[in-house]
$ cat coords22.cif   # mmCIF, C-alpha atoms
data_upload
loop_
_atom_site.label_atom_id
_atom_site.label_comp_id
_atom_site.auth_asym_id
_atom_site.auth_seq_id
_atom_site.Cartn_x
_atom_site.Cartn_y
_atom_site.Cartn_z
CA MET P 1 -1.23 -2.51 1.92
CA LYS P 2 1.81 -4.75 1.57
CA ILE P 3 1.55 -7.66 3.96
CA GLN P 4 4.30 -7.79 6.52
CA PRO P 5 5.60 -11.24 7.47
CA HIS P 6 4.44 -10.80 11.06
CA GLU P 7 0.84 -10.21 9.98
CA LYS P 8 -0.96 -13.48 10.23
CA ILE P 9 -3.98 -14.11 8.09
CA ASN P 10 -6.82 -15.73 10.02
CA PHE P 11 -9.66 -17.79 8.68
CA THR P 12 -12.37 -18.02 11.31
CA ALA P 13 -16.15 -18.19 11.64
CA SER P 14 -16.24 -14.67 13.07
CA GLY P 15 -14.60 -13.37 9.88
CA ALA P 16 -17.14 -15.19 7.73
CA ILE P 17 -20.01 -13.83 9.82
CA LYS P 18 -18.65 -10.29 9.49
CA GLY P 19 -18.45 -10.71 5.71
CA ALA P 20 -21.98 -12.07 5.54
CA ARG P 21 -23.42 -9.32 7.73
CA GLN P 22 -21.79 -6.53 5.74
CA SER P 23 -23.20 -8.06 2.54
CA LEU P 24 -26.83 -8.02 3.68
CA PRO P 25 -27.84 -5.07 1.46
CA LEU P 26 -26.28 -6.88 -1.53
CA VAL P 27 -28.25 -10.00 -0.66
CA PHE P 28 -31.49 -8.15 -1.53
CA GLY P 29 -30.13 -7.25 -4.95
CA VAL P 30 -28.90 -10.80 -5.56
CA PHE P 31 -32.24 -12.20 -4.44
CA SER P 32 -34.27 -10.08 -6.84
CA ASN P 33 -31.90 -10.98 -9.72
CA GLY P 34 -32.03 -14.66 -8.85
CA ALA P 35 -35.82 -14.65 -8.87
CA VAL P 36 -35.77 -13.09 -12.34
CA PHE P 37 -33.29 -15.77 -13.43
CA GLY P 38 -35.55 -18.55 -12.09
CA MET P 39 -38.55 -17.14 -13.89
CA LEU P 40 -36.67 -16.74 -17.19
CA ALA P 41 -35.11 -20.21 -16.85
CA ARG P 42 -38.61 -21.70 -16.71
CA GLN P 43 -39.64 -19.72 -19.78
CA ALA P 44 -36.48 -20.89 -21.60
CA GLY P 45 -37.54 -24.50 -21.01
CA LEU P 46 -35.11 -25.57 -18.28
CA SER P 47 -36.39 -27.97 -15.65
CA LEU P 48 -36.36 -26.86 -12.02
CA GLY P 49 -33.49 -29.29 -11.44
CA GLU P 50 -31.47 -27.81 -14.30
CA ALA P 51 -32.05 -24.23 -13.18
CA SER P 52 -31.10 -25.04 -9.57
CA LEU P 53 -28.07 -27.07 -10.59
CA MET P 54 -26.87 -24.17 -12.74
CA SER P 55 -27.28 -21.62 -9.94
CA GLY P 56 -25.62 -23.99 -7.46
CA LEU P 57 -22.62 -25.02 -9.58
CA VAL P 58 -22.05 -22.04 -11.88
CA TYR P 59 -23.13 -19.21 -9.55
CA ALA P 60 -22.41 -16.42 -12.03
CA GLY P 61 -25.27 -14.12 -12.94
CA ALA P 62 -24.17 -12.72 -16.30
CA SER P 63 -23.11 -16.13 -17.66
CA GLN P 64 -26.34 -17.77 -16.57
CA PHE P 65 -28.54 -15.12 -18.20
CA MET P 66 -26.39 -15.45 -21.34
CA ALA P 67 -26.89 -19.23 -21.34
CA LEU P 68 -30.68 -18.80 -21.20
CA GLY P 69 -30.48 -16.74 -24.38
CA LEU P 70 -28.69 -19.63 -26.12
CA TRP P 71 -30.83 -22.42 -24.59
CA ILE P 72 -32.37 -23.71 -27.83
CA ALA P 73 -32.31 -27.36 -28.95
CA PRO P 74 -29.90 -28.68 -30.08
CA LEU P 75 -27.98 -27.03 -27.24
CA PRO P 76 -24.86 -25.18 -28.46
CA VAL P 77 -22.81 -26.72 -25.64
CA ILE P 78 -19.39 -25.48 -26.75
CA THR P 79 -20.63 -21.96 -27.47
CA ILE P 80 -22.25 -21.67 -24.05
CA VAL P 81 -19.22 -23.03 -22.20
CA LEU P 82 -16.69 -20.89 -24.09
CA THR P 83 -18.81 -17.75 -23.71
CA THR P 84 -19.05 -18.48 -19.98
CA LEU P 85 -15.26 -18.66 -19.79
CA VAL P 86 -14.84 -15.37 -21.68
CA VAL P 87 -17.46 -13.58 -19.58
CA ASN P 88 -15.61 -14.63 -16.42
CA LEU P 89 -12.01 -13.94 -17.49
CA ARG P 90 -12.01 -10.89 -15.21
CA HIS P 91 -12.06 -13.29 -12.25
CA ILE P 92 -8.50 -14.36 -13.14
CA LEU P 93 -7.34 -10.82 -12.40
CA MET P 94 -9.42 -10.72 -9.21
CA GLY P 95 -7.99 -14.04 -8.04
CA ALA P 96 -4.47 -12.78 -8.69
CA ALA P 97 -5.10 -9.80 -6.42
CA LEU P 98 -6.17 -12.19 -3.64
CA ARG P 99 -2.84 -14.03 -3.64
CA PRO P 100 -0.93 -11.84 -1.15
CA TRP P 101 -3.79 -12.24 1.32
CA PHE P 102 -4.40 -15.95 0.76
CA SER P 103 -0.75 -17.08 0.70
CA GLY P 104 -0.84 -18.11 4.35
CA LEU P 105 -3.99 -20.19 3.99
CA SER P 106 -4.27 -23.90 3.27
CA PRO P 107 -5.22 -24.89 -0.32
CA LEU P 108 -8.56 -26.22 0.96
CA LYS P 109 -9.45 -22.84 2.45
CA SER P 110 -8.19 -20.64 -0.37
CA TYR P 111 -9.41 -22.78 -3.27
CA GLY P 112 -12.65 -23.47 -1.44
CA ALA P 113 -13.25 -19.79 -0.78
CA VAL P 114 -12.74 -18.77 -4.43
CA PHE P 115 -15.63 -21.03 -5.48
CA PHE P 116 -17.88 -18.44 -3.82
CA MET P 117 -16.01 -15.43 -5.22
CA GLY P 118 -18.13 -12.98 -7.17
CA ASP P 119 -17.45 -9.39 -8.18
CA GLU P 120 -19.22 -8.14 -5.06
CA SER P 121 -17.73 -10.47 -2.45
CA TRP P 122 -14.26 -9.96 -3.93
CA ALA P 123 -14.63 -6.16 -3.83
CA MET P 124 -15.94 -6.24 -0.25
CA ALA P 125 -12.98 -8.41 0.79
CA MET P 126 -10.37 -6.23 -0.92
CA ARG P 127 -11.81 -3.21 0.90
CA GLU P 128 -11.75 -5.12 4.18
CA PHE P 129 -8.10 -6.11 3.68
CA ALA P 130 -7.13 -2.58 2.62
CA ALA P 131 -8.74 -1.26 5.80
CA GLY P 132 -6.61 -3.59 7.92
CA GLY P 133 -8.84 -6.67 8.17
CA ARG P 134 -6.83 -9.89 8.21
CA ASN P 135 -9.52 -12.53 8.14
CA GLY P 136 -9.55 -14.48 4.86
CA ALA P 137 -12.95 -15.97 5.70
CA PHE P 138 -14.51 -12.51 5.20
CA MET P 139 -14.83 -13.16 1.45
CA LEU P 140 -16.17 -16.67 2.05
CA GLY P 141 -18.90 -15.30 4.33
CA SER P 142 -19.87 -12.61 1.86
CA GLY P 143 -19.87 -15.09 -1.03
CA VAL P 144 -21.85 -17.77 0.82
CA ALA P 145 -24.50 -15.25 1.92
CA GLN P 146 -25.00 -14.22 -1.70
CA PHE P 147 -24.84 -17.84 -2.87
CA ILE P 148 -27.70 -18.81 -0.56
CA ALA P 149 -29.73 -15.87 -1.83
CA TRP P 150 -28.95 -16.73 -5.47
CA LEU P 151 -29.84 -20.43 -5.18
CA SER P 152 -32.98 -19.99 -3.07
CA SER P 153 -34.29 -17.14 -5.23
CA THR P 154 -33.70 -19.22 -8.38
CA VAL P 155 -35.98 -21.92 -6.96
CA MET P 156 -38.49 -19.36 -5.79
CA GLY P 157 -38.52 -17.46 -9.07
CA TYR P 158 -38.97 -20.71 -10.96
CA ALA P 159 -41.87 -21.85 -8.79
CA LEU P 160 -43.65 -18.55 -8.17
CA GLY P 161 -42.36 -16.15 -10.84
CA ALA P 162 -40.12 -13.20 -10.03
CA VAL P 163 -41.11 -11.36 -6.85
CA ILE P 164 -40.11 -8.17 -8.60
CA GLU P 165 -40.48 -8.48 -12.36
CA ASP P 166 -38.23 -5.54 -13.08
CA PRO P 167 -35.68 -4.86 -10.31
CA ALA P 168 -34.61 -1.70 -12.16
CA ARG P 169 -37.99 -0.08 -11.50
CA TRP P 170 -37.20 -0.09 -7.79
CA GLY P 171 -33.58 0.86 -8.19
CA LEU P 172 -32.48 -2.59 -7.00
CA ASP P 173 -30.19 -3.05 -10.00
CA PHE P 174 -28.26 0.00 -8.80
CA ILE P 175 -27.32 -1.59 -5.46
CA PHE P 176 -24.28 -3.23 -7.08
CA ILE P 177 -22.97 -0.03 -8.65
CA ALA P 178 -23.70 1.85 -5.40
CA THR P 179 -21.67 -0.75 -3.49
CA PHE P 180 -18.75 -0.69 -5.91
CA THR P 181 -18.71 3.12 -5.84
CA ALA P 182 -18.73 3.25 -2.04
CA LEU P 183 -15.95 0.65 -1.81
CA LEU P 184 -13.96 2.54 -4.41
CA VAL P 185 -14.10 5.80 -2.43
CA GLY P 186 -12.65 3.89 0.53
CA MET P 187 -9.80 2.63 -1.64
CA TRP P 188 -8.49 6.05 -2.55
CA LYS P 189 -5.02 6.20 -1.03
CA SER P 190 -3.07 9.00 -2.66
CA LYS P 191 -2.61 11.02 -5.81
CA SER P 192 -0.68 8.09 -7.26
CA ASP P 193 -4.07 6.40 -7.75
CA LEU P 194 -5.07 9.12 -10.16
CA LEU P 195 -3.05 7.68 -13.06
CA SER P 196 -4.29 4.13 -12.47
CA TRP P 197 -7.93 5.16 -12.08
CA GLY P 198 -7.83 7.55 -15.02
CA VAL P 199 -6.40 4.90 -17.35
CA ALA P 200 -8.87 2.28 -16.05
CA ALA P 201 -11.83 4.60 -16.65
CA THR P 202 -10.69 5.63 -20.12
CA VAL P 203 -10.01 2.08 -21.31
CA ALA P 204 -13.24 0.77 -19.73
CA LEU P 205 -15.35 3.48 -21.38
CA ALA P 206 -13.78 2.78 -24.76
CA ALA P 207 -14.12 -1.00 -24.39
CA ALA P 208 -17.73 -0.75 -23.16
CA HIS P 209 -18.49 1.29 -26.26
CA TRP P 210 -16.80 -0.90 -28.85
CA LEU P 211 -16.68 -4.42 -27.39
CA PRO P 212 -19.53 -6.71 -26.36
CA GLY P 213 -20.06 -8.24 -22.93
CA LYS P 214 -17.81 -7.69 -19.97
CA TRP P 215 -14.48 -7.16 -21.72
CA TYR P 216 -14.45 -3.58 -20.41
CA ILE P 217 -13.94 -4.76 -16.82
CA LEU P 218 -10.97 -7.00 -17.65
CA LEU P 219 -9.32 -4.54 -20.06
CA GLY P 220 -9.87 -1.51 -17.82
CA GLY P 221 -8.58 -3.48 -14.83
CA ILE P 222 -5.43 -4.66 -16.61
CA ALA P 223 -4.60 -1.27 -18.15
CA GLY P 224 -5.31 0.66 -14.94
CA SER P 225 -3.35 -1.66 -12.64
CA LEU P 226 -0.34 -1.77 -14.97
CA ALA P 227 -0.39 2.02 -15.31
CA GLY P 228 -0.50 2.33 -11.53
CA ALA P 229 2.42 -0.05 -11.06
CA PHE P 230 4.38 1.73 -13.77
CA GLY P 231 3.66 5.13 -12.18
CA ASP P 232 4.86 3.88 -8.78
CA ASN P 233 8.10 2.55 -10.30
CA HIS P 234 8.66 5.90 -11.93
CA ALA P 235 8.09 7.79 -8.70
CA ASP P 236 10.68 5.75 -6.75
CA MET V 1 -32.41 -34.29 -16.63
CA ARG V 2 -31.28 -34.35 -20.23
CA ILE V 3 -27.68 -35.34 -20.83
CA ASP V 4 -26.84 -32.31 -23.02
CA SER V 5 -28.19 -29.97 -20.34
CA LEU V 6 -26.09 -31.71 -17.71
CA VAL V 7 -22.95 -31.53 -19.86
CA THR V 8 -23.55 -27.82 -20.55
CA ILE V 9 -24.07 -26.97 -16.89
CA ILE V 10 -21.00 -28.92 -15.77
CA GLY V 11 -18.94 -27.30 -18.54
CA MET V 12 -20.11 -23.86 -17.39
CA ALA V 13 -19.27 -24.77 -13.79
CA LEU V 14 -15.75 -25.84 -14.76
CA ALA V 15 -15.28 -22.64 -16.81
CA THR V 16 -16.35 -20.35 -13.96
CA TYR V 17 -14.29 -22.21 -11.37
CA LEU V 18 -11.26 -22.21 -13.67
CA ALA V 19 -11.52 -18.42 -13.98
CA ARG V 20 -11.99 -18.01 -10.22
CA ALA V 21 -9.07 -20.25 -9.21
CA SER V 22 -6.46 -19.68 -11.92
CA GLY V 23 -5.37 -16.16 -10.91
CA LEU V 24 -4.75 -17.33 -7.37
CA TRP V 25 -2.94 -20.41 -8.66
CA LEU V 26 -0.75 -18.53 -11.17
CA MET V 27 0.33 -15.95 -8.60
CA GLY V 28 1.18 -18.76 -6.20
CA ARG V 29 3.73 -19.97 -8.74
CA MET V 30 5.36 -16.58 -9.19
CA SER V 31 7.58 -14.91 -6.67
CA LEU V 32 5.83 -11.84 -5.37
CA THR V 33 8.52 -9.28 -6.09
CA PRO V 34 7.92 -5.65 -5.04
CA GLN V 35 6.98 -4.85 -8.65
CA VAL V 36 4.42 -7.65 -8.79
CA GLU V 37 3.02 -6.64 -5.40
CA ARG V 38 2.65 -3.08 -6.64
CA TRP V 39 0.73 -4.32 -9.65
CA LEU V 40 -1.53 -6.54 -7.52
CA ARG V 41 -2.14 -3.64 -5.16
CA HIS V 42 -3.51 -1.52 -7.99
CA ILE V 43 -5.90 -4.19 -9.29
CA PRO V 44 -8.86 -3.61 -6.93
CA GLY V 45 -9.12 0.13 -7.59
CA ALA V 46 -8.62 -0.29 -11.33
CA ILE V 47 -11.26 -3.03 -11.61
CA LEU V 48 -13.81 -1.11 -9.55
CA VAL V 49 -13.24 2.03 -11.65
CA ALA V 50 -13.67 -0.08 -14.79
CA ILE V 51 -16.98 -1.50 -13.49
CA VAL V 52 -18.33 1.81 -12.24
CA ALA V 53 -17.26 4.28 -14.94
CA PRO V 54 -19.38 3.00 -17.87
CA ALA V 55 -22.38 2.27 -15.62
CA THR V 56 -22.44 5.74 -14.09
CA LEU V 57 -21.18 7.95 -16.88
CA THR V 58 -23.13 6.54 -19.83
CA SER V 59 -26.42 5.36 -18.27
CA GLY V 60 -28.01 8.77 -17.85
CA PRO V 61 -28.45 11.63 -15.36
CA ALA V 62 -30.28 9.52 -12.75
CA GLU V 63 -27.37 7.08 -12.41
CA ALA V 64 -24.76 9.86 -12.47
CA LEU V 65 -26.53 11.87 -9.75
CA ALA V 66 -27.20 8.76 -7.63
CA THR V 67 -23.49 7.92 -7.85
CA LEU V 68 -22.76 11.39 -6.53
CA ALA V 69 -25.15 10.72 -3.64
CA VAL V 70 -23.25 7.51 -2.84
CA ILE V 71 -19.88 9.31 -2.90
CA ILE V 72 -21.10 12.11 -0.63
CA THR V 73 -22.74 9.68 1.82
CA ILE V 74 -19.72 7.40 2.12
CA ALA V 75 -17.32 10.35 2.42
CA ARG V 76 -19.44 12.01 5.12
CA THR V 77 -20.42 8.95 7.15
CA GLY V 78 -18.06 6.13 6.18
CA ASN V 79 -21.10 3.86 6.47
CA LEU V 80 -21.36 1.36 3.61
CA PHE V 81 -24.94 0.36 4.37
CA LEU V 82 -26.07 3.99 4.43
CA ALA V 83 -24.26 4.69 1.14
CA MET V 84 -25.90 1.71 -0.59
CA THR V 85 -29.33 2.77 0.68
CA ALA V 86 -28.77 6.37 -0.39
CA GLY V 87 -27.76 5.23 -3.87
CA VAL V 88 -30.75 2.94 -4.39
CA GLY V 89 -33.15 5.53 -2.94
CA ALA V 90 -31.69 8.29 -5.10
CA VAL V 91 -31.75 6.28 -8.33
CA TRP V 92 -35.32 5.15 -7.66
CA ALA V 93 -36.50 8.71 -7.01
CA LEU V 94 -34.54 10.22 -9.89
CA ARG V 95 -35.66 7.60 -12.43
CA ASN V 96 -39.27 8.32 -11.57
CA PHE V 97 -38.70 12.05 -11.35
CA LEU V 98 -36.60 12.58 -14.46
CA ARG V 99 -38.74 10.39 -16.68
#
$ encode --input "coords22.cif" --output "structure tokens"
Amino acid sequence: MKIQPHEKINFTASGAIKGARQSLPLVFGVFSNGAVFGMLARQAGLSLGEASLMSGLVYAGASQFMALGLWIAPLPVITIVLTTLVVNLRHILMGAALRPWFSGLSPLKSYGAVFFMGDESWAMAMREFAAGGRNGAFMLGSGVAQFIAWLSSTVMGYALGAVIEDPARWGLDFIFIATFTALLVGMWKSKSDLLSWGVAATVALAAAHWLPGKWYILLGGIAGSLAGAFGDNHAD
Amino acid sequence: MRIDSLVTIIGMALATYLARASGLWLMGRMSLTPQVERWLRHIPGAILVAIVAPATLTSGPAEALATLAVIITIARTGNLFLAMTAGVGAVWALRNFLR
């Protein structure tokens, strides 16, 4: 998976379209979540403009739902902003993993593309790169497709109420875990992954049990990736 | 729009973008030695395991069995769309069936 100097990273419309097309099943899941967000935002007392602005600028599901829970006058501005930062710390690790692939891209392209980075579009892109894809716009396409679904469903949910009140009843909440699992299977390279994955799972399970929020993703990711790197060093 | 709402939303937007961009930025300032590359290479698998393990192992039998359906489908067919559909279908059926 190491990039050789002769491998050029592209950034073209066809890559973006491929990323968007492969994300279509995810778009349904995002859409049903976004509609729930729009409906709840209205109940929490946000205006349609505020709800849409949040979905358009923040574009992070867990943080936005968290903010609704804290949306009581006087607004705890600092608490909401700091919690948002903490909830999204895992994206630092995800962005770091993008660096080898984005090094050859202009700052406008790479820093523009990460605006649309979510857990799902990042995971789809890492799988694409691991499988030999060399088009950096893949993640942008996947992210933009989900962004459009998120923003439009926020407006729709606000205006009409959620299309599906409880996405879990139809299994739609599971589409994200199903996607991550399928991508993960494709990432299995060799027995050297066993140490990394085992440590990641153990730390994540412990953190999910004892810590609130999404710390388990960041902690499991850090511990597992370091263990993997350490194991590789040892094997050499 | 109220000013405190606007400030909150813009603060949230800056926080999310900071998290999204800073990993890329930090790694751009480090030399990507073989050790660092090895570490970066292990991040995707480790993060996906960390996301999936609690959701599938502690949610209940429906989620665990549906995860199995996803693994079998992707291993047999290599088709991501089919695996997603199998997972959602399985969890929907099992949640109704096992309840």
$ resolve_selection --input "coords22.cif" --expression "the PyMOL selection byres ((chain V) within 6 of (chain P))" --output "PyMOL selection string"
chain V and resi 8-9+11-13+15+19-20+22-24+27+38-40+42-43+46-47+49-51+53-54+74+84+87-88+91-92
$ atom_distance --input "coords22.cif" --atom1 "CA of Leu6 (chain V)" --atom2 "CA of Pro212 (chain P)"
27.3 Å
$ closest_residue --input "coords22.cif" --among "V:Leu48, V:Leu26, V:Ala64, V:Val70" --to "Leu82 (chain V)" --atoms "only C-alpha atoms"
V:Val70
$ resolve_selection --input "coords22.cif" --expression "the PyMOL selection byres ((chain P and resi 151) around 10)" --output "PyMOL selection string"
chain P and resi 30-31+34-35+38+51-57+59+146-150+152-157
$ residues_around --input "coords22.cif" --residues "Phe138 (chain P)" --least-positions-apart "3" --cutoff "9 Å" --atoms "all atoms listed in the file" --output "list of chain:residue names"
P:Phe11, P:Thr12, P:Ala13, P:Ser14, P:Gly15, P:Ala16, P:Ile17, P:Lys18, P:Gly19, P:Ala20, P:Ser121, P:Met124, P:Ala125, P:Glu128, P:Gly133, P:Arg134, P:Asn135, P:Gly141, P:Ser142, P:Gly143
$ axis_aligned_box --input "coords22.cif" --around "region 78-96 of chain V" --padding-each-side "3 Å" --output "lines of an AutoDock Vina configuration file"
center_x = -28.7
center_y = 5.3
center_z = -3.0
size_x = 27.2
size_y = 15.9
size_z = 24.9
$ atom_distance --input "coords22.cif" --atom1 "CA of Ala55 (chain V)" --atom2 "CA of Glu165 (chain P)"
21.3 Å
$ atom_distance --input "coords22.cif" --atom1 "CA of Thr56 (chain V)" --atom2 "CA of Ser32 (chain P)"
21.0 Å
$ decode --input "coords22.cif" --residues "region 81-168 of chain P" --atoms "C-alpha atoms" --output "compact mmCIF listing (two decimals), in the first residue's frame"
# COMPACT_ATOMS: atom_id res chain seq x y z
CA VAL P 81 -18.39 23.94 20.38
CA LEU P 82 -15.93 22.09 22.63
CA THR P 83 -18.07 18.94 22.66
CA THR P 84 -18.21 19.11 18.86
CA LEU P 85 -14.41 19.24 18.75
CA VAL P 86 -14.08 16.26 21.10
CA VAL P 87 -16.66 14.19 19.21
CA ASN P 88 -14.72 14.76 15.99
CA LEU P 89 -11.15 14.21 17.24
CA ARG P 90 -11.12 10.87 15.43
CA HIS P 91 -11.08 12.80 12.15
CA ILE P 92 -7.53 13.97 12.97
CA LEU P 93 -6.39 10.36 12.78
CA MET P 94 -8.38 9.80 9.60
CA GLY P 95 -6.90 12.91 7.98
CA ALA P 96 -3.40 11.73 8.91
CA ALA P 97 -4.01 8.45 7.09
CA LEU P 98 -4.99 10.42 3.95
CA ARG P 99 -1.64 12.22 3.77
CA PRO P 100 0.31 9.68 1.68
CA TRP P 101 -2.48 9.73 -0.90
CA PHE P 102 -3.07 13.48 -0.90
CA SER P 103 0.59 14.59 -0.91
CA GLY P 104 0.60 15.07 -4.67
CA LEU P 105 -2.54 17.20 -4.70
CA SER P 106 -2.80 20.98 -4.54
CA PRO P 107 -3.83 22.48 -1.16
CA LEU P 108 -7.12 23.64 -2.70
CA LYS P 109 -8.01 20.08 -3.71
CA SER P 110 -6.84 18.31 -0.57
CA TYR P 111 -8.11 20.86 1.96
CA GLY P 112 -11.29 21.29 -0.04
CA ALA P 113 -11.92 17.56 -0.17
CA VAL P 114 -11.51 17.08 3.60
CA PHE P 115 -14.40 19.49 4.23
CA PHE P 116 -16.64 16.69 2.91
CA MET P 117 -14.83 13.92 4.79
CA GLY P 118 -17.02 11.79 7.01
CA ASP P 119 -16.40 8.38 8.55
CA GLU P 120 -18.11 6.70 5.61
CA SER P 121 -16.53 8.62 2.72
CA TRP P 122 -13.10 8.31 4.35
CA ALA P 123 -13.51 4.54 4.81
CA MET P 124 -14.73 4.10 1.22
CA ALA P 125 -11.72 6.08 -0.05
CA MET P 126 -9.18 4.15 2.03
CA ARG P 127 -10.60 0.90 0.63
CA GLU P 128 -10.43 2.31 -2.89
CA PHE P 129 -6.79 3.34 -2.45
CA ALA P 130 -5.88 0.00 -0.86
CA ALA P 131 -7.43 -1.76 -3.85
CA GLY P 132 -5.22 0.22 -6.23
CA GLY P 133 -7.41 3.24 -6.99
CA ARG P 134 -5.37 6.41 -7.45
CA ASN P 135 -8.04 9.05 -7.83
CA GLY P 136 -8.13 11.46 -4.87
CA ALA P 137 -11.49 12.83 -6.01
CA PHE P 138 -13.10 9.50 -5.05
CA MET P 139 -13.50 10.69 -1.45
CA LEU P 140 -14.79 14.07 -2.58
CA GLY P 141 -17.48 12.40 -4.72
CA SER P 142 -18.54 10.11 -1.91
CA GLY P 143 -18.59 12.99 0.59
CA VAL P 144 -20.49 15.38 -1.68
CA ALA P 145 -23.13 12.75 -2.48
CA GLN P 146 -23.74 12.25 1.25
CA PHE P 147 -23.57 16.01 1.87
CA ILE P 148 -26.36 16.65 -0.63
CA ALA P 149 -28.46 13.93 1.01
CA TRP P 150 -27.76 15.32 4.51
CA LEU P 151 -28.60 18.93 3.65
CA SER P 152 -31.69 18.21 1.54
CA SER P 153 -33.09 15.72 4.06
CA THR P 154 -32.56 18.23 6.89
CA VAL P 155 -34.77 20.71 5.03
CA MET P 156 -37.28 18.02 4.18
CA GLY P 157 -37.41 16.62 7.70
CA TYR P 158 -37.87 20.12 9.08
CA ALA P 159 -40.71 20.94 6.69
CA LEU P 160 -42.50 17.60 6.52
CA GLY P 161 -41.30 15.60 9.54
CA ALA P 162 -39.08 12.56 9.23
CA VAL P 163 -40.00 10.28 6.34
CA ILE P 164 -39.07 7.38 8.55
CA GLU P 165 -39.54 8.24 12.21
CA ASP P 166 -37.33 5.42 13.42
CA PRO P 167 -34.72 4.32 10.85
CA ALA P 168 -33.73 1.46 13.17
